[in-house]
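Enquirer: Here it is, the structure in full.
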Amino acid sequence: MKNRLFALTAAAVLAVSLTACGSKAEEPAAADTKAEAAEETASADTTGEKKVLKVAMECGYAPYNWTQPDDSNGAVPINDSSDYAYGYDVMMAKKIADELGYELQIVKLDWDSLVPAVQSGTVDCVIAGQSITSDRLEMVDFSTPYYYASVVGLVKADGPLADAKGISDFEGATCTSQLGTIWYDVCLPQLKDANIQPAQESAPAMLVALESGRTDLVVTDMPTAKAACVAYPDLKLLDFTDTDDDFAVSDEEINIGISVQKGNTELLDGINSVLATMTVDDFNSMMDEAISVQPLSE
């Protein structure tokens, strides 16, 4: 398939400092103001309000994540939007937030803005189908995998590549994939004499390019391809896994992880503790559910 935990801590520090200052002689008005502030802070600390976990994703990458107009199936409101987000990534984000005691906030960002948002601390983590690549590991820290995604091809069922038995049959193909993915950067260059078109900005865009006939082949991962075949019945999924003529990818390139700001071990350890309770079968079951309820599956 790419920290805002300080608010309540700051409030607690403020409460302590106000208590200390209250022991000193002050003007009445100042004392009243600080007492009121301390009271408000204490009230906020005892209301049981949850810390907010800001999770970024595209909200346009089914079945991992998508945008919908309502909260059906348990969709979550998108921050600063009237729309809702759902999909495998949202399901996983909800589980993590619930287990760790956070209030979940979904932040919708473009694919190439996800890593910078984590680096800057604008969001706490990204759950968006990101491969755990060495390049990304230089910029952010990753959880253990929350999904394992094999690489496949998508073609038109009545097209010239429909009977391909391996990637060698894609020789000379006109192809594309999504910008900033291993599909485009690692897999497409493996095709001999391929006509590699410019990368598409999103997963939907690459599927539209294939469906419209602007390209003959799209390389993507298994969940995206399965969802695409539901949305576009005239597409065909080509999986060469366990053959001698498959895409050469490393485990790091197909293991999908959750990225956090470098050094945020508290959040990373929490996320990993939740993932440790889950199995590959759990991941696959959740993904199958996401595919079954994606907006275009009906």
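Residues are referred to by chain and number: the chain letter is A, B, ... according to the order shown in the structure tokens, the number counts from 1 in that chain, and ligands are numbered separately from 1 in the order shown.
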Once DSSP has gone over the backbone, tell me which residues of segment 81-137 of chain A are in alpha helix (DSSP H), as a ChimeraX atom specification.

Expert: /A:88-100,114-120,134-137

Enquirer: Enumerate, in order of chain and increasing residue number, the residues of segment 121-224 of chain A with an atom no farther than 6 Å from segment 237-240 of chain A, each with its shortest atom pair and distance in Å to one decimal, counting only C-alpha atoms, as JSON lines.

Expert:
```
{"residue": "A:Val152", "atom": "CA", "partner": "A:Asp239", "partner_atom": "CA", "distance": 5.0}
{"residue": "A:Gly153", "atom": "CA", "partner": "A:Leu238", "partner_atom": "CA", "distance": 5.0}
{"residue": "A:Leu154", "atom": "CA", "partner": "A:Leu237", "partner_atom": "CA", "distance": 4.9}
{"residue": "A:Gly166", "atom": "CA", "partner": "A:Phe240", "partner_atom": "CA", "distance": 5.9}
```

Enquirer: Name the residues in contact with Gly172 of chain A at a cut-off of 9 Å, using only C-alpha atoms, excluding same-chain residues fewer than 5 positions from it; report them as a PyMOL selection string.

Expert: chain A and resi 191-195

Enquirer: So that I can see what lies close to segment 250-267 of chain A, please list as number ranges by chain the residues with an atom at most 7 Å from it, counting only C-alpha atoms and leaving out residues fewer than 4 positions away in the same chain.

Expert: A: 1, 118-119, 121, 124-127, 129-133, 140-150, 182, 271

Enquirer: Using only C-alpha atoms, can you tell me which of A:Ala199, A:Val280, A:Cys187, A:Met286 comes closest to Ile167 of chain A?

Expert: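 Result for the nearest residue to Ile167 of chain A: A:Cys187.
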
Enquirer: Which residue is closest to Ile196 of chain A? Choose from A:Asp70, A:Glu211, A:Asp216, A:Glu138 and count only C-alpha atoms.

Expert: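 Result for the nearest residue to Ile196 of chain A: A:Asp216.
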